[in-house]
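Shown below: query_37.pdb, with PDB, C-alpha atoms, pLDDT in the B column.
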ATOM      1  CA  MET A   7      13.032 216.968   1.851  1.00 51.00           C
ATOM      2  CA  LEU A   8      11.706 216.893   5.301  1.00 49.00           C
ATOM      3  CA  GLY A   9      11.631 213.126   5.783  1.00 51.00           C
ATOM      4  CA  ALA A  10      14.222 211.974   3.298  1.00 54.00           C
ATOM      5  CA  PHE A  11      17.147 211.480   5.579  1.00 52.00           C
ATOM      6  CA  GLU A  12      15.803 208.979   8.033  1.00 46.00           C
ATOM      7  CA  PRO A  13      18.117 206.032   7.471  1.00 45.00           C
ATOM      8  CA  GLY A  14      17.226 203.639  10.223  1.00 43.00           C
ATOM      9  CA  GLY A  15      20.233 202.991  12.341  1.00 37.00           C
ATOM     10  CA  GLU A  16      23.217 204.755  10.789  1.00 37.00           C
ATOM     11  CA  LYS A  17      25.570 206.235  13.372  1.00 36.00           C
ATOM     12  CA  ALA A  18      27.930 209.166  13.156  1.00 35.00           C
ATOM     13  CA  GLN A  19      31.616 209.226  13.869  1.00 37.00           C
ATOM     14  CA  LYS A  20      33.083 210.511  17.112  1.00 38.00           C
ATOM     15  CA  GLY A  21      32.589 214.237  17.138  1.00 41.00           C
ATOM     16  CA  ASN A  22      29.317 213.778  15.284  1.00 45.00           C
ATOM     17  CA  GLY A  23      27.868 211.262  17.690  1.00 48.00           C
ATOM     18  CA  GLY A  24      29.215 207.734  17.089  1.00 50.00           C
ATOM     19  CA  ASP A  25      30.939 205.479  14.608  1.00 52.00           C
ATOM     20  CA  GLY A  26      31.566 206.461  10.986  1.00 75.00           C
ATOM     21  CA  LEU A  27      28.851 208.593   9.415  1.00 87.00           C
ATOM     22  CA  THR A  28      30.123 212.022   8.478  1.00 94.00           C
ATOM     23  CA  VAL A  29      28.763 214.788   6.297  1.00 97.00           C
ATOM     24  CA  LYS A  30      31.224 213.772   3.583  1.00 96.00           C
ATOM     25  CA  THR A  31      30.154 210.132   3.824  1.00 94.00           C
ATOM     26  CA  VAL A  32      26.517 211.128   3.349  1.00 94.00           C
ATOM     27  CA  PHE A  33      27.354 212.931   0.112  1.00 96.00           C
ATOM     28  CA  ASP A  34      29.618 210.098  -1.031  1.00 96.00           C
ATOM     29  CA  ARG A  35      26.648 207.734  -0.587  1.00 93.00           C
ATOM     30  CA  LEU A  36      23.998 210.015  -2.080  1.00 93.00           C
ATOM     31  CA  PRO A  37      24.167 208.503  -5.612  1.00 95.00           C
ATOM     32  CA  GLU A  38      23.657 205.034  -4.082  1.00 94.00           C
ATOM     33  CA  ALA A  39      20.625 206.333  -2.170  1.00 92.00           C
ATOM     34  CA  PHE A  40      19.105 207.734  -5.373  1.00 96.00           C
ATOM     35  CA  GLN A  41      15.809 206.134  -6.457  1.00 96.00           C
ATOM     36  CA  ALA A  42      15.977 206.453 -10.260  1.00 96.00           C
ATOM     37  CA  ASP A  43      12.552 204.873 -10.709  1.00 96.00           C
ATOM     38  CA  ARG A  44      11.040 207.875  -8.918  1.00 96.00           C
ATOM     39  CA  ALA A  45      12.835 210.501 -11.000  1.00 95.00           C
ATOM     40  CA  ALA A  46      10.892 210.433 -14.275  1.00 94.00           C
ATOM     41  CA  GLY A  47      10.674 213.972 -15.629  1.00 94.00           C
ATOM     42  CA  VAL A  48      12.637 215.452 -12.723  1.00 96.00           C
ATOM     43  CA  ASP A  49      15.294 218.051 -13.546  1.00 97.00           C
ATOM     44  CA  VAL A  50      16.586 219.728 -10.378  1.00 98.00           C
ATOM     45  CA  VAL A  51      19.743 220.809  -8.600  1.00 98.00           C
ATOM     46  CA  PHE A  52      19.792 220.543  -4.812  1.00 97.00           C
ATOM     47  CA  GLN A  53      22.511 222.707  -3.260  1.00 98.00           C
ATOM     48  CA  PHE A  54      23.623 221.810   0.265  1.00 98.00           C
ATOM     49  CA  HIS A  55      25.586 224.240   2.439  1.00 99.00           C
ATOM     50  CA  ILE A  56      26.619 222.484   5.632  1.00 98.00           C
ATOM     51  CA  SER A  57      28.329 224.714   8.194  1.00 98.00           C
ATOM     52  CA  GLY A  58      30.757 223.710  10.937  1.00 97.00           C
ATOM     53  CA  PRO A  59      34.119 221.949  11.074  1.00 96.00           C
ATOM     54  CA  ASP A  60      32.868 218.889   9.155  1.00 94.00           C
ATOM     55  CA  GLY A  61      30.763 220.923   6.744  1.00 97.00           C
ATOM     56  CA  GLY A  62      31.173 222.049   3.190  1.00 98.00           C
ATOM     57  CA  SER A  63      29.153 222.657   0.062  1.00 99.00           C
ATOM     58  CA  TRP A  64      27.854 219.994  -2.300  1.00 98.00           C
ATOM     59  CA  TYR A  65      25.188 219.883  -4.955  1.00 98.00           C
ATOM     60  CA  ALA A  66      23.181 216.992  -6.311  1.00 98.00           C
ATOM     61  CA  THR A  67      22.034 217.172  -9.915  1.00 98.00           C
ATOM     62  CA  VAL A  68      19.053 215.008 -10.826  1.00 98.00           C
ATOM     63  CA  LYS A  69      18.281 214.838 -14.528  1.00 96.00           C
ATOM     64  CA  GLU A  70      17.020 212.196 -16.950  1.00 91.00           C
ATOM     65  CA  GLY A  71      16.816 209.527 -14.255  1.00 94.00           C
ATOM     66  CA  SER A  72      20.363 209.938 -12.996  1.00 96.00           C
ATOM     67  CA  CYS A  73      22.033 211.638 -10.058  1.00 97.00           C
ATOM     68  CA  SER A  74      25.483 213.120  -9.685  1.00 98.00           C
ATOM     69  CA  VAL A  75      26.996 214.806  -6.644  1.00 98.00           C
ATOM     70  CA  THR A  76      29.663 217.479  -6.883  1.00 98.00           C
ATOM     71  CA  ARG A  77      31.552 219.231  -4.132  1.00 98.00           C
ATOM     72  CA  GLY A  78      31.209 222.997  -4.468  1.00 98.00           C
ATOM     73  CA  THR A  79      28.579 225.564  -5.279  1.00 99.00           C
ATOM     74  CA  HIS A  80      26.224 225.511  -8.254  1.00 99.00           C
ATOM     75  CA  GLU A  81      25.502 228.814 -10.062  1.00 98.00           C
ATOM     76  CA  SER A  82      21.736 228.419 -10.088  1.00 98.00           C
ATOM     77  CA  PRO A  83      20.390 225.596  -7.922  1.00 99.00           C
ATOM     78  CA  THR A  84      16.694 224.800  -7.799  1.00 98.00           C
ATOM     79  CA  SER A  85      16.749 224.653  -3.988  1.00 98.00           C
ATOM     80  CA  THR A  86      19.422 225.407  -1.411  1.00 98.00           C
ATOM     81  CA  ILE A  87      19.422 223.552   1.892  1.00 96.00           C
ATOM     82  CA  LYS A  88      21.465 224.935   4.800  1.00 98.00           C
ATOM     83  CA  MET A  89      22.259 223.203   8.092  1.00 98.00           C
ATOM     84  CA  ALA A  90      24.981 222.872  10.707  1.00 98.00           C
ATOM     85  CA  ASP A  91      27.091 219.717  10.400  1.00 96.00           C
ATOM     86  CA  ALA A  92      26.018 218.159  13.716  1.00 94.00           C
ATOM     87  CA  ASP A  93      22.334 218.796  12.963  1.00 95.00           C
ATOM     88  CA  PHE A  94      22.717 217.374   9.450  1.00 91.00           C
ATOM     89  CA  VAL A  95      24.215 214.143  10.796  1.00 88.00           C
ATOM     90  CA  LYS A  96      21.437 213.914  13.413  1.00 88.00           C
ATOM     91  CA  LEU A  97      18.884 214.394  10.643  1.00 84.00           C
ATOM     92  CA  ILE A  98      20.441 211.620   8.562  1.00 80.00           C
ATOM     93  CA  LYS A  99      20.522 209.298  11.576  1.00 81.00           C
ATOM     94  CA  GLY A 100      16.859 209.973  12.278  1.00 81.00           C
ATOM     95  CA  GLU A 101      17.645 211.669  15.590  1.00 89.00           C
ATOM     96  CA  LEU A 102      16.348 215.049  14.415  1.00 88.00           C
ATOM     97  CA  ASN A 103      12.891 215.437  12.920  1.00 85.00           C
ATOM     98  CA  ALA A 104      13.120 217.338   9.640  1.00 83.00           C
ATOM     99  CA  MET A 105       9.918 219.328  10.127  1.00 87.00           C
ATOM    100  CA  LYS A 106      10.996 220.362  13.628  1.00 92.00           C
ATOM    101  CA  ALA A 107      14.442 221.301  12.299  1.00 93.00           C
ATOM    102  CA  PHE A 108      12.788 223.410   9.603  1.00 93.00           C
ATOM    103  CA  THR A 109      10.348 225.160  11.932  1.00 96.00           C
ATOM    104  CA  THR A 110      13.064 225.902  14.518  1.00 97.00           C
ATOM    105  CA  GLY A 111      15.523 227.269  11.963  1.00 97.00           C
ATOM    106  CA  LYS A 112      18.024 224.400  12.114  1.00 97.00           C
ATOM    107  CA  LEU A 113      17.184 223.501   8.516  1.00 96.00           C
ATOM    108  CA  MET A 114      16.822 226.395   6.093  1.00 97.00           C
ATOM    109  CA  VAL A 115      15.623 226.193   2.510  1.00 97.00           C
ATOM    110  CA  GLU A 116      16.112 228.861  -0.143  1.00 98.00           C
ATOM    111  CA  GLY A 117      14.717 228.788  -3.642  1.00 98.00           C
ATOM    112  CA  ASP A 118      11.950 226.386  -4.593  1.00 97.00           C
ATOM    113  CA  LEU A 119      10.590 225.017  -1.315  1.00 93.00           C
ATOM    114  CA  MET A 120       8.226 222.619  -3.071  1.00 92.00           C
ATOM    115  CA  LYS A 121      11.008 221.101  -5.192  1.00 94.00           C
ATOM    116  CA  SER A 122      13.214 220.746  -2.093  1.00 90.00           C
ATOM    117  CA  GLN A 123      10.659 218.240  -0.830  1.00 86.00           C
ATOM    118  CA  LEU A 124      11.547 215.968  -3.765  1.00 90.00           C
ATOM    119  CA  VAL A 125      14.642 214.957  -1.799  1.00 85.00           C
ATOM    120  CA  GLU A 126      12.355 212.768   0.301  1.00 80.00           C
ATOM    121  CA  LYS A 127      10.975 211.076  -2.808  1.00 86.00           C
ATOM    122  CA  LEU A 128      14.284 210.685  -4.645  1.00 91.00           C
ATOM    123  CA  PHE A 129      16.684 209.472  -1.932  1.00 87.00           C
ATOM    124  CA  LYS A 130      16.400 206.563   0.488  1.00 83.00           C
ATOM    125  CA  PHE A 131      18.978 205.920   3.192  1.00 74.00           C
TER
END

Could the structure of this file be written out as structure tokens, please?
Amino acid sequence: MLGAFEPGGEKAQKGNGGDGLTVKTVFDRLPEAFQADRAAGVDVVFQFHISGPDGGSWYATVKEGSCSVTRGTHESPTSTIKMADADFVKLIKGELNAMKAFTTGKLMVEGDLMKSQLVEKLFKF
């Protein structure tokens, strides 16, 4: 997970740092960022809890080479990723290093830490 959201040039909307990228937009685009060819045998649910005024809860289900994103909370996710909205957008834009965010508590992971790192393999922004 820790390097997955480094898009190369995306900018956030005013209030999140720039011109159009919001937390909601990231999750709207997540299925497009999915790398199905890297998902053989993967069956996981990534829960995201993003706090702050632009935050919310979404989960991404990866199974049988496909990805779906749903707004809300899953009963039993494989991994849960928690961040503040502004930090999440910075992470997506490549302005916040994922490992630094994790070690400083800006990015928190609950559940299967090893499986959470599949985000990096499965999604490309």

Legend entry - Evaluate the PyMOL selection byres ((chain A and resi 75) around 10) and report residues as a ChimeraX atom specification: /A:33-37,51-53,64-68,73-74,76-78

Legend entry - Point (19.1, 210.9, -11.5), cut-off 10 Å, counting only C-alpha atoms, residues as JSON, numbers by chain: {"A": [37, 40, 41, 42, 43, 44, 45, 46, 47, 48, 49, 50, 66, 67, 68, 69, 70, 71, 72, 73, 74, 128, 129]}

Inset, instruction - Could you check how far CA of Met120 in chain A sits from CA of Leu97 in chain A, in Å to one decimal? - result: 19.2 Å

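Using only C-alpha atoms, the smallest distance between any of A:His80, A:Lys112, A:Lys121, A:Lys130 and Ile98 in chain A comes from A:Lys130.
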
Legend entry - Coordinates-based distance that separates CA of Leu119 in chain A from CA of Pro59 in chain A (Å, one decimal): 26.8 Å

Inset, instruction - Quote the spacing between CA of Ile87 in chain A and CA of Leu113 in chain A in Å to one decimal place. - result: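 So the two atoms, CA of Ile87 in chain A and CA of Leu113 in chain A, lie 7.0 Å apart.
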
Please report, as lines of an AutoDock Vina configuration file, the centre and edge lengths in Å to one decimal of an axis-aligned box covering all listed atoms of range 36-54 of chain A with 5 Å per side.
center_x = 17.4
center_y = 213.8
center_z = -7.7
size_x = 23.5
size_y = 27.8
size_z = 25.9

Inset, instruction - Taking the file above as input, evaluate the PyMOL selection byres ((chain A and resi 90) around 6) and report the hits as a list in words. - result: Ile56, Ser57, Gly58, Met89, Asp91, Ala92 and Asp93 of chain A

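With all atoms listed in the file as the atoms that count, the residue of A:Phe131, A:Ser122, A:Met105, A:Lys88 with the shortest distance to Thr31 in chain A is A:Phe131.
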